[in-house]
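Source file: data.tsv. Holds: TSV, C-alpha atoms.
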```
chain	number	residue	atom	x	y	z
A	1267	MET	CA	42.11	122.76	79.64
A	1268	ILE	CA	45.62	121.64	80.48
A	1269	SER	CA	48.18	124.41	80.41
A	1270	MET	CA	51.55	123.91	78.73
A	1271	PHE	CA	53.18	124.23	82.15
A	1272	ASN	CA	51.04	121.47	83.63
A	1273	LEU	CA	51.49	119.27	80.58
A	1274	ARG	CA	55.27	119.63	80.81
A	1275	LYS	CA	55.17	119.02	84.56
A	1276	SER	CA	53.03	115.95	84.08
A	1277	THR	CA	55.35	114.61	81.36
A	1278	LEU	CA	58.37	115.24	83.56
A	1279	THR	CA	56.72	113.39	86.44
A	1280	GLN	CA	55.83	110.48	84.18
A	1281	ASN	CA	59.40	110.36	82.88
A	1282	LYS	CA	60.72	110.35	86.42
A	1283	VAL	CA	58.39	107.49	87.38
A	1284	PHE	CA	59.42	105.60	84.28
A	1285	GLU	CA	63.12	106.19	84.97
A	1286	LYS	CA	62.60	104.99	88.53
A	1287	ILE	CA	60.91	101.81	87.29
A	1288	LEU	CA	63.75	101.19	84.83
A	1289	ARG	CA	66.36	101.74	87.54
A	1290	ARG	CA	64.57	99.28	89.84
A	1291	LYS	CA	64.30	96.71	87.06
A	1292	GLU	CA	68.00	97.08	86.35
A	1293	GLN	CA	68.83	96.71	90.02
A	1294	ARG	CA	66.61	93.61	90.23
A	1295	ARG	CA	68.47	92.01	87.31
A	1296	LYS	CA	71.81	92.82	88.94
A	1297	ASP	CA	70.64	91.34	92.24
A	1298	LEU	CA	69.54	88.16	90.43
A	1299	SER	CA	72.86	87.95	88.62
A	1300	GLU	CA	74.62	87.93	91.98
A	1301	LEU	CA	72.76	84.90	93.33
A	1302	SER	CA	74.76	81.73	93.91
A	1303	PHE	CA	75.14	79.20	91.11
A	1304	LYS	CA	72.95	76.75	93.01
A	1305	GLU	CA	70.17	79.31	93.58
A	1306	LYS	CA	70.21	80.19	89.89
A	1307	ILE	CA	69.87	76.53	88.91
A	1308	HIS	CA	66.83	76.22	91.18
A	1309	ILE	CA	65.28	79.27	89.50
A	1310	LEU	CA	66.11	77.73	86.11
A	1311	VAL	CA	64.17	74.59	86.98
A	1312	GLU	CA	61.18	76.72	87.98
A	1313	LEU	CA	61.44	78.54	84.63
A	1314	GLN	CA	61.52	75.19	82.82
A	1315	LYS	CA	58.38	74.07	84.68
A	1316	MET	CA	56.58	77.30	83.78
A	1317	ALA	CA	57.64	77.06	80.12
A	1318	LYS	CA	56.49	73.45	79.98
A	1319	GLY	CA	53.15	74.52	81.39
A	1320	VAL	CA	52.45	76.93	78.55
A	1321	ALA	CA	53.98	74.87	75.72
A	1322	LYS	CA	51.38	72.37	74.63
A	1323	HIS	CA	52.76	71.34	71.26
A	1324	GLY	CA	56.00	71.15	69.34
A	1325	LYS	CA	59.61	71.25	70.41
A	1326	ALA	CA	59.08	73.19	73.63
A	1327	ALA	CA	56.64	70.57	74.93
A	1328	ASP	CA	59.29	67.84	74.43
A	1329	ARG	CA	61.92	69.66	76.45
A	1330	ILE	CA	63.01	68.00	79.65
A	1331	VAL	CA	62.49	69.69	82.99
A	1332	TRP	CA	65.59	68.94	85.05
A	1333	HIS	CA	65.16	66.58	87.99
A	1334	ILE	CA	67.78	67.78	90.41
B	837	MET	CA	72.91	68.56	89.56
B	838	GLU	CA	75.75	67.75	91.99
B	839	LYS	CA	75.63	64.10	90.90
B	840	THR	CA	75.69	65.17	87.26
B	841	LEU	CA	78.71	67.40	87.75
B	842	LYS	CA	80.45	64.71	89.79
B	843	LEU	CA	80.07	62.21	86.96
B	844	ILE	CA	81.35	64.72	84.39
B	845	LYS	CA	84.39	65.32	86.59
B	846	GLU	CA	84.86	61.56	86.79
B	847	LEU	CA	85.10	61.41	82.98
B	848	LYS	CA	88.21	63.57	83.20
B	849	GLU	CA	89.65	61.68	86.16
B	850	LYS	CA	89.20	58.38	84.28
B	851	LYS	CA	90.84	59.98	81.22
B	852	VAL	CA	87.76	59.54	79.03
B	853	PHE	CA	88.56	63.07	77.91
B	854	LYS	CA	91.51	65.33	78.64
B	855	ASP	CA	89.68	68.37	79.91
B	856	PHE	CA	86.25	69.99	80.01
B	857	SER	CA	84.36	73.13	80.82
B	858	ILE	CA	80.72	74.15	81.19
B	859	GLY	CA	79.67	76.42	78.33
B	860	GLY	CA	76.47	77.61	76.64
B	861	GLY	CA	73.39	78.77	78.50
B	862	ILE	CA	74.49	77.45	81.88
B	863	ALA	CA	77.79	79.32	81.67
B	864	ALA	CA	75.84	82.46	80.76
B	865	LEU	CA	73.46	81.84	83.68
B	866	TYR	CA	76.46	81.62	86.02
B	867	TYR	CA	77.32	85.25	85.21
B	868	ILE	CA	73.94	86.87	84.55
B	869	GLU	CA	70.35	86.64	85.81
B	870	PRO	CA	68.75	83.18	85.44
B	871	LEU	CA	67.63	82.49	81.89
B	872	LEU	CA	65.69	79.65	80.34
B	873	THR	CA	67.82	76.87	78.91
B	874	TYR	CA	67.44	73.10	78.74
B	875	ASP	CA	70.86	71.56	78.13
B	876	LEU	CA	74.04	71.47	80.11
B	877	ASP	CA	76.68	72.04	77.43
B	878	ILE	CA	80.05	70.50	78.16
B	879	PHE	CA	82.96	71.45	75.93
B	880	PHE	CA	85.60	68.76	76.09
B	881	VAL	CA	89.09	68.07	74.80
B	882	PRO	CA	89.17	64.54	73.36
B	883	VAL	CA	91.96	62.12	74.22
B	884	ASP	CA	92.39	61.17	70.57
B	885	GLU	CA	91.56	63.31	67.57
B	886	GLY	CA	89.66	60.43	65.95
B	887	ILE	CA	86.52	60.46	63.87
B	888	ASP	CA	84.07	59.58	66.63
B	889	VAL	CA	85.30	61.55	69.62
B	890	LEU	CA	81.99	61.07	71.42
B	891	ALA	CA	82.16	57.25	71.40
B	892	PRO	CA	84.39	56.85	74.51
B	893	ILE	CA	82.11	59.18	76.51
B	894	TYR	CA	78.91	57.42	75.46
B	895	ARG	CA	80.51	54.01	76.11
B	896	TYR	CA	81.58	55.00	79.62
B	897	LEU	CA	78.20	56.50	80.44
B	898	LYS	CA	76.34	53.50	79.00
B	899	GLU	CA	78.25	51.25	81.39
B	900	LYS	CA	77.02	53.48	84.19
B	901	GLY	CA	73.45	53.14	82.94
B	902	PHE	CA	73.08	56.47	81.12
B	903	LYS	CA	72.10	56.29	77.47
B	904	ALA	CA	72.45	58.84	74.72
B	905	LYS	CA	69.20	60.15	73.31
B	906	LYS	CA	69.38	62.32	70.19
B	907	GLU	CA	72.08	64.87	70.90
B	908	HIS	CA	72.29	64.53	74.67
B	909	VAL	CA	72.71	62.09	77.55
B	910	LEU	CA	70.36	62.30	80.47
B	911	ILE	CA	72.66	62.18	83.51
B	912	GLU	CA	70.96	62.17	86.90
B	913	GLY	CA	67.99	64.14	85.57
B	914	VAL	CA	69.97	66.66	83.54
B	915	PRO	CA	70.28	66.52	79.72
B	916	VAL	CA	73.98	66.90	79.01
B	917	GLN	CA	75.35	67.70	75.59
B	918	PHE	CA	79.02	66.93	75.03
B	919	ILE	CA	80.65	69.16	72.43
B	920	PRO	CA	84.25	68.58	71.34
B	921	VAL	CA	86.40	71.71	71.19
B	922	TYR	CA	85.77	72.63	67.57
B	923	ASN	CA	88.17	75.50	66.96
B	924	ASP	CA	91.12	77.37	68.48
B	925	LEU	CA	88.94	79.81	70.41
B	926	VAL	CA	86.93	77.09	72.15
B	927	LYS	CA	90.10	75.08	72.81
B	928	GLU	CA	91.71	78.12	74.44
B	929	ALA	CA	88.51	78.88	76.37
B	930	VAL	CA	88.53	75.40	77.92
B	931	GLN	CA	92.23	75.72	78.73
B	932	TYR	CA	91.68	79.00	80.59
B	933	SER	CA	88.34	78.17	82.19
B	934	LYS	CA	87.78	78.87	85.85
B	935	GLU	CA	87.14	76.52	88.71
B	936	VAL	CA	83.83	77.10	90.50
B	937	LYS	CA	81.84	75.32	93.15
B	938	TYR	CA	78.32	73.97	92.89
B	939	GLY	CA	77.41	72.94	96.41
B	940	ARG	CA	80.27	70.66	97.44
B	941	ILE	CA	81.38	69.85	93.90
B	942	LYS	CA	84.21	71.66	92.20
B	943	THR	CA	83.70	72.06	88.48
B	944	LYS	CA	84.96	74.16	85.58
B	945	ILE	CA	83.18	76.90	83.70
B	946	LEU	CA	84.21	79.11	80.80
B	947	GLY	CA	85.72	82.42	81.85
B	948	LEU	CA	83.43	85.38	81.21
B	949	GLU	CA	85.59	86.99	78.52
B	950	TYR	CA	85.97	83.72	76.61
B	951	LEU	CA	82.25	83.04	76.90
B	952	ILE	CA	81.59	86.47	75.38
B	953	ALA	CA	84.07	85.80	72.56
B	954	ILE	CA	82.36	82.48	71.76
B	955	MET	CA	78.98	84.24	71.71
B	956	PHE	CA	80.40	86.75	69.22
B	957	GLN	CA	81.62	83.86	67.12
B	958	THR	CA	78.32	81.93	67.08
B	959	PHE	CA	76.23	85.15	67.14
B	960	ARG	CA	72.80	83.51	66.97
B	961	PRO	CA	69.80	85.61	68.07
B	962	LYS	CA	69.99	84.04	71.54
B	963	ASP	CA	73.72	84.89	71.73
B	964	ARG	CA	72.98	88.52	70.91
B	965	GLU	CA	70.26	88.59	73.58
B	966	ARG	CA	72.66	87.11	76.15
B	967	LEU	CA	75.44	89.49	75.10
B	968	VAL	CA	73.24	92.50	75.89
B	969	LYS	CA	72.59	91.10	79.37
B	970	VAL	CA	76.24	90.26	79.92
B	971	PHE	CA	77.33	93.81	79.08
B	972	GLU	CA	74.62	95.25	81.34
B	973	GLU	CA	74.99	92.98	84.33
B	974	THR	CA	78.62	91.88	84.69
B	975	LYS	CA	82.04	93.33	85.30
B	976	ILE	CA	84.13	92.48	82.26
B	977	ASP	CA	87.90	92.65	81.98
B	978	LEU	CA	87.78	94.73	78.79
B	979	ASN	CA	91.52	94.50	78.13
B	980	LEU	CA	91.39	90.72	78.22
B	981	LEU	CA	88.20	90.63	76.16
B	982	LYS	CA	89.62	92.90	73.45
B	983	ARG	CA	92.83	90.85	73.34
B	984	ILE	CA	90.85	87.61	72.83
B	985	LEU	CA	88.55	89.19	70.23
B	986	LYS	CA	91.46	90.64	68.24
B	987	LYS	CA	93.34	87.33	68.33
B	988	HIS	CA	90.37	85.45	66.93
B	989	GLY	CA	89.24	88.06	64.41
B	990	LEU	CA	86.09	89.10	66.27
B	991	TYR	CA	86.94	92.64	67.31
B	992	ASP	CA	85.06	94.38	64.47
B	993	LYS	CA	81.92	92.43	65.33
B	994	TYR	CA	82.25	93.61	68.94
B	995	VAL	CA	82.63	97.26	67.87
B	996	GLN	CA	79.56	97.04	65.62
B	997	PHE	CA	77.57	95.35	68.38
B	998	LYS	CA	78.51	97.99	70.96
B	999	GLU	CA	77.60	100.80	68.55
B	1000	LYS	CA	74.26	99.21	67.76
B	1001	TYR	CA	73.13	98.33	71.29
B	1002	PHE	CA	75.05	100.68	73.58
B	1003	ASP	CA	75.87	103.73	71.47
B	1004	THR	CA	79.51	103.37	72.42
B	1005	LYS	CA	82.73	101.50	71.57
```
Render the structure in this file as structure tokens.
Amino acid sequence: MISMFNLRKSTLTQNKVFEKILRRKEQRRKDLSELSFKEKIHILVELQKMAKGVAKHGKAADRIVWHI
Amino acid sequence: MEKTLKLIKELKEKKVFKDFSIGGGIAALYYIEPLLTYDLDIFFVPVDEGIDVLAPIYRYLKEKGFKAKKEHVLIEGVPVQFIPVYNDLVKEAVQYSKEVKYGRIKTKILGLEYLIAIMFQTFRPKDRERLVKVFEETKIDLNLLKRILKKHGLYDKYVQFKEKYFDTK
């Protein structure tokens, strides 16, 4: 049986892990936002290719992947 | 992309329009993490306030071999949408846009605070999504932003948005 102490400890640890993940995600977004304009455009084209790959029908499938 | 931006710059140099600035998703992408978008939105100030302000642009581009298709022109592999400055806020945003470099090409992009104000004005779901990212990831000149928002009657919307998404004013 899990004691209240252990349950609380486990929850606290989980929260800490979760907070750490969130902090890392936030940092990752900030790092990406600081890339050069040109690097971001290259990433954009990769995103367009990926989106095109999953969109089989409708408007999304008609979208143009940039040829730069 | 460099060729595209060079040709857009040429439109100003040849006085096809008075001024221009990159707006929309690409302007947002300039300030925040890369996001999915498909058009390069160009806000422009027409030479004449006529009925068909797009005609001179399409004519010039057609001569260069680029044709309009639906709402955009495919210029060197990039779908470009030309949008005339449609109100005072957008007109002011183009006037105060900043010069940036893409590779060797100098171009113009909406200033962050004006871009935010325009997003508050249009306020579509994708604008709200981008606004959250902008407030999380960028350094905003809040004094300038508040001044612009108050001038264009958008300040209350900003306050409501901040309360809803950030628990603060």
Distance of CA of Leu910 in chain B from CA of Gly859 in chain B, expressed in Å to one decimal place: 17.0 Å
Can you tell me how far CA of Phe880 in chain B sits from CA of Ile911 in chain B, in Å to one decimal? 16.3 Å
Can you check which residues of chain A have any atom within 6 Å of chain B? Use only C-alpha atoms and format it as a PyMOL selection string. chain A and resi 1295-1296+1298-1299+1303+1306+1332-1334
Mind writing the picked residues with C-alpha atoms as a CSV table (one decimal), in the frame of the given file?
```csv
chain,number,residue,atom,x,y,z
A,1295,ARG,CA,68.5,92.0,87.3
A,1296,LYS,CA,71.8,92.8,88.9
A,1298,LEU,CA,69.5,88.2,90.4
A,1299,SER,CA,72.9,88.0,88.6
A,1303,PHE,CA,75.1,79.2,91.1
A,1306,LYS,CA,70.2,80.2,89.9
A,1332,TRP,CA,65.6,68.9,85.0
A,1333,HIS,CA,65.2,66.6,88.0
A,1334,ILE,CA,67.8,67.8,90.4
```
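Here CA of Tyr950 in chain B stands at a distance of 21.3 Å from CA of Lys1000 in chain B.
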Leaving out range 977-992 of chain B and any residue of its chain fewer than 6 positions from it, which residues lie within 9 Å of it when counting all atoms listed in the file, given as a PyMOL selection string? chain B and resi 924-925+948-950+952-953+956-957
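Excluding range 1312-1315 of chain A itself and any same-chain residue fewer than 3 positions from it, the protein and nucleic acid residues within 7 Å of it, counting only C-alpha atoms, are A:His1308, A:Ile1309, A:Lys1318, A:Gly1319, A:Val1331, B:Leu872.
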